[in-house]
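> The structure is given below, and queries will be raised subsequently.
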Protein chains: 2
Amino acid sequence: MQEEKTVTLLEEVRRDLEEKKLLALRRRIEHEKAADIAELFEELNTEEQILIYRLLPKELAAEVLVEMSADEQKTLIDSFSDFELRQVLAELYSDDTADLVEEMPANFVRRILNNCPPDMRRSVNELLKYPEGSAGSIMTTEYVRLKADMTVSEAFDHIRSVAIDKETIYTCYVTDAYRILIGIVSAKTLLTSPVNARIGDIMEEDIVNVHTHDDREQVARLFDKYNFLALPVVDNDDRLVGIITIDDAMDVISEETEEDFAKMAAITPGSEKSYLHKSPFEIFLSRIPWLLLLMVSATFTGMIITSFERALAASVILTSFIPMLMDTGGNSGSQASVTIIRGLSLGEIRLGDILRVLYKELRVSFLCGITLSAVNFAKIMLVDGLLLDNPAITPLVALTVSLSLLVTILAAKLIGCSLPILAKRLGFDPAVMASPFITTLVDAISLVVYFSIATSILSL
Amino acid sequence: MQEEKTVTLLEEVRRDLEEKKLLALRRRIEHEKAADIAELFEELNTEEQILIYRLLPKELAAEVLVEMSADEQKTLIDSFSDFELRQVLAELYSDDTADLVEEMPANFVRRILNNCPPDMRRSVNELLKYPEGSAGSIMTTEYVRLKADMTVSEAFDHIRSVAIDKETIYTCYVTDAYRILIGIVSAKTLLTSPVNARIGDIMEEDIVNVHTHDDREQVARLFDKYNFLALPVVDNDDRLVGIITIDDAMDVISEETEEDFAKMAAITPGSEKSYLHKSPFEIFLSRIPWLLLLMVSATFTGMIITSFERALAASVILTSFIPMLMDTGGNSGSQASVTIIRGLSLGEIRLGDILRVLYKELRVSFLCGITLSAVNFAKIMLVDGLLLDNPAITPLVALTVSLSLLVTILAAKLIGCSLPILAKRLGFDPAVMASPFITTLVDAISLVVYFSIATSILSL
């Protein structure tokens with residue numbers, strides 16, 4: 001695999017740099033993939049980066065810039081003369097330039113736009129208008145457009161003449177005089193059709209398209225569902241305004257996935273830098289907000305316990321079941337919430353499904369609750385009572401704990417499945433309603449349930 | 001977007017079925033995408049599925065079969081005559097047939113292989129030899145192979161003649177007489193090169209390839225990194241044996257991602273059916289094992305509390321901080337574990353990085369620990385002590401809780417980051433070492449720390 005390669009490359013590049021063998025260095029890296037060079041750059045200091053970047057062939061240099069983190073991009077662009085910047089920008093696709101510009105401070109944006117070729121400046125400005133998270137914001141305007149009355153051989157001539165500037169030539173788009181999308185034809189179809197066939201006769205007319213304002217994650221999921229390589233984007237008047245290619249869709253999916261993972265672990269999603277390249281302070285900053293918030297909200301669970309102080313002092317055995325109750329409640333809740341959050345992300349569950357989901361979770365929580373309560377009752381009587389010979393264990397104590405467990409699980413599952421849907425309905429990200437938040441809420445509920453049942457059954 | 005479409009399609013199909021308008025039904029669905037028809041089938045009963053399946057054009061029928069769940073595939077295949085089965089199999093790619101066979105019981109496998117065209121049977125048997133989870137198990141043997149001494153126009157003739165049976169024609173593979181991979185040429189390069197150019201002169205020789213035994217998830221991640229559409233797979237002698245296409249790579253990524261999400265929520269990954277199509281009992285079965293295991297392991301936390309019974313009876317205020325301590329410890333631990341588990345999955349963190357990771361988490365946990373302890377100390381004195389006017393709150397109690405919090409966070413982060421790496425080193429899936437497991441472990445540690453500090457500071 002590729003792992004060892006970058007390490008060796010780093011060592012070789014370091015040696016070349018020390019021995020000032022720039023020509024050898026250039027020969028060594030000019031055939032590497034852009035992603036590998038960007039990875040290499042993460043290990044180098046700024047001077048080394050600038051020095052090596054100048055050695056790269058123009059096209060590769062542009063690709064490497066796209067693969068870098070925003071901080072590194074800024075440093076590099078800062079080191080460019082206007083001439084160098086123009087050279088790099090000329091090699092970029094407009095969607096990559098738009099992505100670049102989005103991450104930069106205002107003075108960089110002005111400088112980049114001033115050095116763009118005029119038609120790219122126009123498309124970049126166009127792309128920047130679409131709201132973040134929309135299909136429009138990830139599309140490219142560089143696609144191959146054909147006319148229905150072209151022949152296959154005319155189409156090939158056209159493709160040949162524009163191929164160099166297009167992000168993909170494997171799916172071509174057929175539009176009418178009003179730029180309305182009327183068909184799609186793949187390079188495979190073109191290659192296997194007679195050279196004098198009309199495009200209008202061989203094009204696919206059952207088109208899946210998306211709108212500029214559609215959610216970018218839902219759009220990206222369509223690639224997985226339909227095995228597309230590209231997807232056309234139309235405006236409100238059904239005019240073709242751009243396409244989304246599969247590499248950008250994959251980027252969206254992995255970005256959104258990692259964001260979901262982070263939120264589920266109570267981490268505020270930060271920069272796209274990889275873990276090993278983040279400073280401890282950066283990691284601290286992404287972790288401390290939720291820890292603080294959740295810690296302070298645990299004040300309430302503390303207050304609940306304090307208010308049942310007398311009951312607890314009378315029967316310390318009750319305290320020993322608090323961790324089990326809280327953890328099982330938390331785990332039950334996060335099972336439901338993670339399932340629903342992913343279902344919403346993947347588009348398998350929709351907002352209108354809330355009643356179906358609630359009914360299903362109700363049945364699941366009964367099955368889980370009854371099983372766990374029964375096992376728990378037996379465990380308390382046999383292990384804690386008989387085996388560990390704890391005189392405080394009575395059937396009534398076991399009943400109290402098991403009943404509380406049942407109610408806690410019911411509450412946890414129903415809260416766990418409904419909060420993410422509710423959050424989405426209110427326009428928030430459902431992933432915020434993930435395990436840590438649900439756990440804190442379920443803790444409070446399980447304690448109230450536990451103490452209420454305890455005071456009435458054990459008459460404390 | 002597509003959501004509403006399937007609903008309407010379902011209604012229309014149901015109406016056609018009721019009114020027995022089979023011709024209209026056929027016309028309605030024959031232009032739908034395979035993924036949409038498979039989704040539609042999930043809502044239909046077996047008789048309806050079998051009836052509609054027979055109406056589909058051959059090629060679409062094969063595609064729909066690939067998109068269905070294993071249970072539905074079994075029912076359908078069971079309803080096929082041998083003639084029908086042969087027709088469907090003739091339209092499948094060998095990797096799809098191999099996937100199909102893998103999910104089926106032995107008698108189905110025999111029947112499917114007996115009805116495969118002979119050369120497909122050979123490749124399917126070949127593919128089935130590769131272990132689950134390997135690159136070999138997800139590759140296809142249907143790729144375009146070119147020779148270095150062909151001209152571009154000869155290459156096009158060859159592509160045209162074989163295109164129909166190949167999974168992709170957009171990346172072609174150049175091999176020597178021993179089937180060793182020596183170059184790659186994209187359809188874009190072919191289209192933009194002079195027709196009499198030699199393939200050997202225009203092919204790309206810096207090839208990223210993978211081995212049949214490489215891990216399929218790591219291989220799939222390469223598509224994201226390098227923006228590939230396909231990736232060649234070679235055997236131990238560097239001979240080209242197959243290719244992996246981007247659609248299969250995306251499937252692997254989403255399968256592995258959902259498995260990670262499930263494990264992190266203490267769910268045993270089950271069938272690929274979507275949530276709404278699983279029965280409550282199926283959901284129950286995937287959730288109960290971990291809930292049971294984690295519930296029973298909470299016996300230890302209970303035992304710890306019981307053994308400090310005397311201390312707790314003397315100072316009930318200590319009990320009120322147990323939920324906060326446990327939750328903050330659990331959250332701190334899962335922040336670290338989720339970060340490391342994802343880093344390992346994405347290949348950003350390697351096994352050899354364990355010391356770097358530990359050192360980094362040590363610094364992060366100090367920053368988090370000091371901040372949270374300080375805030376906690378202030379909060380206890382001000383809110384619990386002054387505001388809620390609890391006479392049991394003393395500076396020594398606040399100190400006990402805050403010190404325990406600091407130690408708990410240090411322990412939680414270090415356990416959270418090292419257990420996933422340890423699991424991977426021992427050959428287990430790191431995701432099993434996720435939040436629920438870590439939480440249970442950290443609970444026990446935090447209680448022992450808490451009571452030890454409490455007994456010595458408060459001399460209980």
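Simple scheme: letters A, B, ... for chains in structure tokens order, numbers from 1 for residues in each chain, numbers from 1 for ligands in the order shown.
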Using backbone DSSP assignments, extract all alpha helix (DSSP H) residues from stretch 166-245 of chain B; output them as a VMD selection string.
chain B and resid 187 to 191 199 to 202 216 to 226
> Please save C-alpha atoms of the selected residues as a short mmCIF file (atom, residue, chain, number, x, y, z; two decimals), in the first residue's frame.

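Contents of the output file again26.cif:
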```
data_model
loop_
_atom_site.label_atom_id
_atom_site.label_comp_id
_atom_site.auth_asym_id
_atom_site.auth_seq_id
_atom_site.Cartn_x
_atom_site.Cartn_y
_atom_site.Cartn_z
CA ALA B 187 -10.34 7.47 -22.50
CA LYS B 188 -9.72 11.23 -22.24
CA THR B 189 -6.05 10.76 -23.21
CA LEU B 190 -7.08 8.46 -26.07
CA LEU B 191 -9.59 11.02 -27.34
CA ILE B 199 -0.34 3.43 -26.70
CA GLY B 200 3.12 2.77 -25.22
CA ASP B 201 4.02 6.41 -25.83
CA ILE B 202 0.91 8.04 -24.37
CA ARG B 216 -10.75 -3.24 1.11
CA GLU B 217 -11.44 -0.16 3.26
CA GLN B 218 -7.88 1.18 2.88
CA VAL B 219 -8.16 0.55 -0.87
CA ALA B 220 -11.50 2.36 -1.07
CA ARG B 221 -9.97 5.37 0.73
CA LEU B 222 -7.43 5.70 -2.11
CA PHE B 223 -10.28 6.70 -4.47
CA ASP B 224 -11.08 9.64 -2.23
CA LYS B 225 -7.43 10.63 -1.90
CA TYR B 226 -6.44 10.45 -5.57
#
```
> Per DSSP on the backbone, what are the strand (DSSP E or B) residues of stretch 150-208 of chain A, as number ranges by chain?
A: 151, 171-175, 180-186, 198, 204
> Restrict the selected residues to all heavy atoms and save them as a compact mmCIF listing (two decimals), in the first residue's frame.

```txt
# COMPACT_ATOMS: atom_id res chain seq x y z
N THR A 151 -24.00 14.99 -35.05
CA THR A 151 -23.78 13.55 -35.23
C THR A 151 -22.72 13.11 -34.22
O THR A 151 -22.06 13.95 -33.60
CB THR A 151 -23.25 13.23 -36.64
OG1 THR A 151 -21.97 13.86 -36.78
CG2 THR A 151 -24.19 13.74 -37.72
N THR A 171 -19.46 12.09 -19.28
CA THR A 171 -20.89 12.32 -19.39
C THR A 171 -21.05 13.67 -20.08
O THR A 171 -20.50 14.66 -19.61
CB THR A 171 -21.58 12.35 -18.02
OG1 THR A 171 -21.07 11.30 -17.22
CG2 THR A 171 -23.08 12.19 -18.16
N CYS A 172 -21.78 13.69 -21.20
CA CYS A 172 -21.98 14.94 -21.94
C CYS A 172 -23.46 15.32 -21.85
O CYS A 172 -24.33 14.44 -21.74
CB CYS A 172 -21.59 14.77 -23.41
SG CYS A 172 -19.90 14.20 -23.61
N TYR A 173 -23.73 16.62 -21.87
CA TYR A 173 -25.07 17.12 -21.61
C TYR A 173 -25.64 17.76 -22.85
O TYR A 173 -24.99 18.59 -23.49
CB TYR A 173 -25.03 18.08 -20.42
CG TYR A 173 -24.51 17.35 -19.21
CD1 TYR A 173 -23.14 17.24 -18.96
CD2 TYR A 173 -25.40 16.66 -18.40
CE1 TYR A 173 -22.68 16.49 -17.88
CE2 TYR A 173 -24.94 15.91 -17.33
CZ TYR A 173 -23.57 15.84 -17.08
OH TYR A 173 -23.12 15.08 -16.03
N VAL A 174 -26.85 17.37 -23.20
CA VAL A 174 -27.50 17.87 -24.41
C VAL A 174 -28.53 18.91 -24.00
O VAL A 174 -29.41 18.62 -23.18
CB VAL A 174 -28.18 16.73 -25.19
CG1 VAL A 174 -28.64 17.22 -26.56
CG2 VAL A 174 -27.23 15.53 -25.32
N THR A 175 -28.40 20.14 -24.53
CA THR A 175 -29.34 21.21 -24.15
C THR A 175 -30.01 21.76 -25.40
O THR A 175 -29.49 21.62 -26.51
CB THR A 175 -28.61 22.36 -23.44
OG1 THR A 175 -27.53 22.80 -24.26
CG2 THR A 175 -28.07 21.93 -22.09
N ILE A 180 -32.03 24.53 -21.79
CA ILE A 180 -32.75 23.55 -20.98
C ILE A 180 -32.16 22.18 -21.24
O ILE A 180 -31.93 21.81 -22.40
CB ILE A 180 -34.26 23.56 -21.32
CG1 ILE A 180 -34.79 24.98 -21.20
CG2 ILE A 180 -35.02 22.51 -20.52
CD1 ILE A 180 -35.81 25.22 -20.17
N LEU A 181 -31.91 21.43 -20.18
CA LEU A 181 -31.31 20.10 -20.31
C LEU A 181 -32.33 19.12 -20.89
O LEU A 181 -33.40 18.94 -20.32
CB LEU A 181 -30.86 19.62 -18.91
CG LEU A 181 -30.20 18.26 -18.83
CD1 LEU A 181 -28.90 18.24 -19.61
CD2 LEU A 181 -29.96 17.87 -17.37
N ILE A 182 -32.01 18.51 -22.05
CA ILE A 182 -32.98 17.59 -22.65
C ILE A 182 -32.45 16.16 -22.73
O ILE A 182 -33.20 15.23 -23.00
CB ILE A 182 -33.41 18.04 -24.06
CG1 ILE A 182 -32.18 18.25 -24.94
CG2 ILE A 182 -34.25 19.31 -24.00
CD1 ILE A 182 -32.53 18.48 -26.40
N GLY A 183 -31.16 15.97 -22.49
CA GLY A 183 -30.64 14.60 -22.56
C GLY A 183 -29.21 14.50 -22.06
O GLY A 183 -28.54 15.50 -21.84
N ILE A 184 -28.80 13.25 -21.87
CA ILE A 184 -27.45 12.95 -21.40
C ILE A 184 -26.90 11.87 -22.30
O ILE A 184 -27.63 10.96 -22.69
CB ILE A 184 -27.49 12.45 -19.95
CG1 ILE A 184 -27.66 13.63 -18.99
CG2 ILE A 184 -26.26 11.65 -19.60
CD1 ILE A 184 -27.72 13.22 -17.56
N VAL A 185 -25.62 11.98 -22.67
CA VAL A 185 -25.05 10.89 -23.45
C VAL A 185 -23.65 10.60 -22.87
O VAL A 185 -22.87 11.51 -22.61
CB VAL A 185 -25.03 11.22 -24.96
CG1 VAL A 185 -24.22 12.44 -25.28
CG2 VAL A 185 -24.56 10.03 -25.77
N SER A 186 -23.38 9.31 -22.62
CA SER A 186 -22.09 8.95 -22.03
C SER A 186 -21.08 8.70 -23.13
O SER A 186 -21.43 8.39 -24.27
CB SER A 186 -22.23 7.69 -21.18
OG SER A 186 -22.43 6.58 -22.02
N ARG A 198 -27.44 10.47 -34.88
CA ARG A 198 -27.71 11.79 -34.31
C ARG A 198 -27.73 11.69 -32.78
O ARG A 198 -28.30 10.75 -32.21
CB ARG A 198 -29.07 12.31 -34.79
CG ARG A 198 -29.00 13.22 -36.02
CD ARG A 198 -30.38 13.77 -36.37
NE ARG A 198 -30.83 14.80 -35.43
CZ ARG A 198 -31.71 14.58 -34.45
NH1 ARG A 198 -32.23 13.39 -34.26
NH2 ARG A 198 -32.07 15.59 -33.65
N GLU A 204 -29.85 9.63 -23.59
CA GLU A 204 -30.73 9.14 -22.53
C GLU A 204 -31.62 10.30 -22.09
O GLU A 204 -31.11 11.38 -21.76
CB GLU A 204 -29.86 8.66 -21.37
CG GLU A 204 -30.55 8.45 -20.06
CD GLU A 204 -31.12 7.06 -19.93
OE1 GLU A 204 -30.37 6.10 -20.17
OE2 GLU A 204 -32.32 6.96 -19.62
```
> Can you pull out the residues contacting A:Arg121? Cut-off 10 Å, using only C-alpha atoms, and skip same-chain residues under 6 positions away; I want them as a ChimeraX atom specification.
/A:94,97-98,112-115,127
> May I have the selected residues written with all heavy atoms, as a PDB file, in the first residue's frame?

```
ATOM      1  N   SER A  94     -12.856  26.089 -12.225  1.00  0.00           N
ATOM      2  CA  SER A  94     -13.478  27.193 -11.491  1.00  0.00           C
ATOM      3  C   SER A  94     -14.037  26.765 -10.138  1.00  0.00           C
ATOM      4  O   SER A  94     -14.026  27.534  -9.184  1.00  0.00           O
ATOM      5  CB  SER A  94     -14.567  27.854 -12.345  1.00  0.00           C
ATOM      6  OG  SER A  94     -15.507  26.893 -12.743  1.00  0.00           O
ATOM      7  N   THR A  97     -11.188  26.920  -7.725  1.00  0.00           N
ATOM      8  CA  THR A  97     -10.868  28.307  -7.393  1.00  0.00           C
ATOM      9  C   THR A  97     -11.897  28.861  -6.413  1.00  0.00           C
ATOM     10  O   THR A  97     -11.544  29.550  -5.449  1.00  0.00           O
ATOM     11  CB  THR A  97     -10.838  29.187  -8.659  1.00  0.00           C
ATOM     12  OG1 THR A  97     -10.066  28.522  -9.647  1.00  0.00           O
ATOM     13  CG2 THR A  97     -10.235  30.552  -8.374  1.00  0.00           C
ATOM     14  N   ALA A  98     -13.172  28.531  -6.625  1.00  0.00           N
ATOM     15  CA  ALA A  98     -14.215  29.008  -5.717  1.00  0.00           C
ATOM     16  C   ALA A  98     -13.994  28.445  -4.312  1.00  0.00           C
ATOM     17  O   ALA A  98     -14.104  29.167  -3.318  1.00  0.00           O
ATOM     18  CB  ALA A  98     -15.601  28.613  -6.237  1.00  0.00           C
ATOM     19  N   ILE A 112      -6.737  37.098  -5.587  1.00  0.00           N
ATOM     20  CA  ILE A 112      -6.965  35.910  -6.419  1.00  0.00           C
ATOM     21  C   ILE A 112      -7.889  36.245  -7.585  1.00  0.00           C
ATOM     22  O   ILE A 112      -7.588  35.945  -8.745  1.00  0.00           O
ATOM     23  CB  ILE A 112      -7.569  34.753  -5.578  1.00  0.00           C
ATOM     24  CG1 ILE A 112      -6.528  34.237  -4.592  1.00  0.00           C
ATOM     25  CG2 ILE A 112      -8.078  33.640  -6.466  1.00  0.00           C
ATOM     26  CD1 ILE A 112      -7.061  33.235  -3.593  1.00  0.00           C
ATOM     27  N   LEU A 113      -9.000  36.919  -7.309  1.00  0.00           N
ATOM     28  CA  LEU A 113      -9.956  37.244  -8.375  1.00  0.00           C
ATOM     29  C   LEU A 113      -9.328  38.164  -9.416  1.00  0.00           C
ATOM     30  O   LEU A 113      -9.570  38.014 -10.612  1.00  0.00           O
ATOM     31  CB  LEU A 113     -11.232  37.861  -7.793  1.00  0.00           C
ATOM     32  CG  LEU A 113     -12.124  36.860  -7.052  1.00  0.00           C
ATOM     33  CD1 LEU A 113     -13.352  37.548  -6.470  1.00  0.00           C
ATOM     34  CD2 LEU A 113     -12.562  35.707  -7.957  1.00  0.00           C
ATOM     35  N   ASN A 114      -8.480  39.111  -8.962  1.00  0.00           N
ATOM     36  CA  ASN A 114      -7.818  40.019  -9.907  1.00  0.00           C
ATOM     37  C   ASN A 114      -6.884  39.286 -10.858  1.00  0.00           C
ATOM     38  O   ASN A 114      -6.626  39.753 -11.965  1.00  0.00           O
ATOM     39  CB  ASN A 114      -7.016  41.086  -9.159  1.00  0.00           C
ATOM     40  CG  ASN A 114      -7.939  42.160  -8.607  1.00  0.00           C
ATOM     41  OD1 ASN A 114      -9.064  42.311  -9.082  1.00  0.00           O
ATOM     42  ND2 ASN A 114      -7.476  42.875  -7.588  1.00  0.00           N
ATOM     43  N   ASN A 115      -6.361  38.147 -10.410  1.00  0.00           N
ATOM     44  CA  ASN A 115      -5.415  37.421 -11.248  1.00  0.00           C
ATOM     45  C   ASN A 115      -6.027  36.236 -11.997  1.00  0.00           C
ATOM     46  O   ASN A 115      -5.328  35.477 -12.638  1.00  0.00           O
ATOM     47  CB  ASN A 115      -4.224  36.961 -10.399  1.00  0.00           C
ATOM     48  CG  ASN A 115      -3.304  38.127 -10.060  1.00  0.00           C
ATOM     49  OD1 ASN A 115      -2.640  38.684 -10.927  1.00  0.00           O
ATOM     50  ND2 ASN A 115      -3.318  38.522  -8.795  1.00  0.00           N
ATOM     51  N   LEU A 127     -20.419  31.020  -8.802  1.00  0.00           N
ATOM     52  CA  LEU A 127     -20.432  29.897  -7.858  1.00  0.00           C
ATOM     53  C   LEU A 127     -20.491  30.367  -6.413  1.00  0.00           C
ATOM     54  O   LEU A 127     -21.120  29.747  -5.565  1.00  0.00           O
ATOM     55  CB  LEU A 127     -19.183  29.021  -8.057  1.00  0.00           C
ATOM     56  CG  LEU A 127     -19.130  28.212  -9.348  1.00  0.00           C
ATOM     57  CD1 LEU A 127     -17.800  27.489  -9.475  1.00  0.00           C
ATOM     58  CD2 LEU A 127     -20.275  27.208  -9.393  1.00  0.00           C
TER      59      LEU A 127
END
```
> Here is a test: counting only C-alpha atoms, which residue of A:Ile354, A:Ala423, A:Ile77, A:Ala70 is nearest to chain B?
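Among the listed residues, A:Ile354 lies closest to chain B.
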> Between A:Val210, A:Leu285, A:Ala336, A:Leu388, which residue has the minimum interatomic distance to B:Thr299, considering only C-alpha atoms?
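Closest to B:Thr299, using only C-alpha atoms: A:Leu388.
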> Which residue gives the smallest distance to B:Met264 among B:Ala61, B:Met433, B:Leu22, B:Leu44, with only C-alpha atoms counted?
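Answer, going by the shortest atom-to-atom distance: B:Met433.
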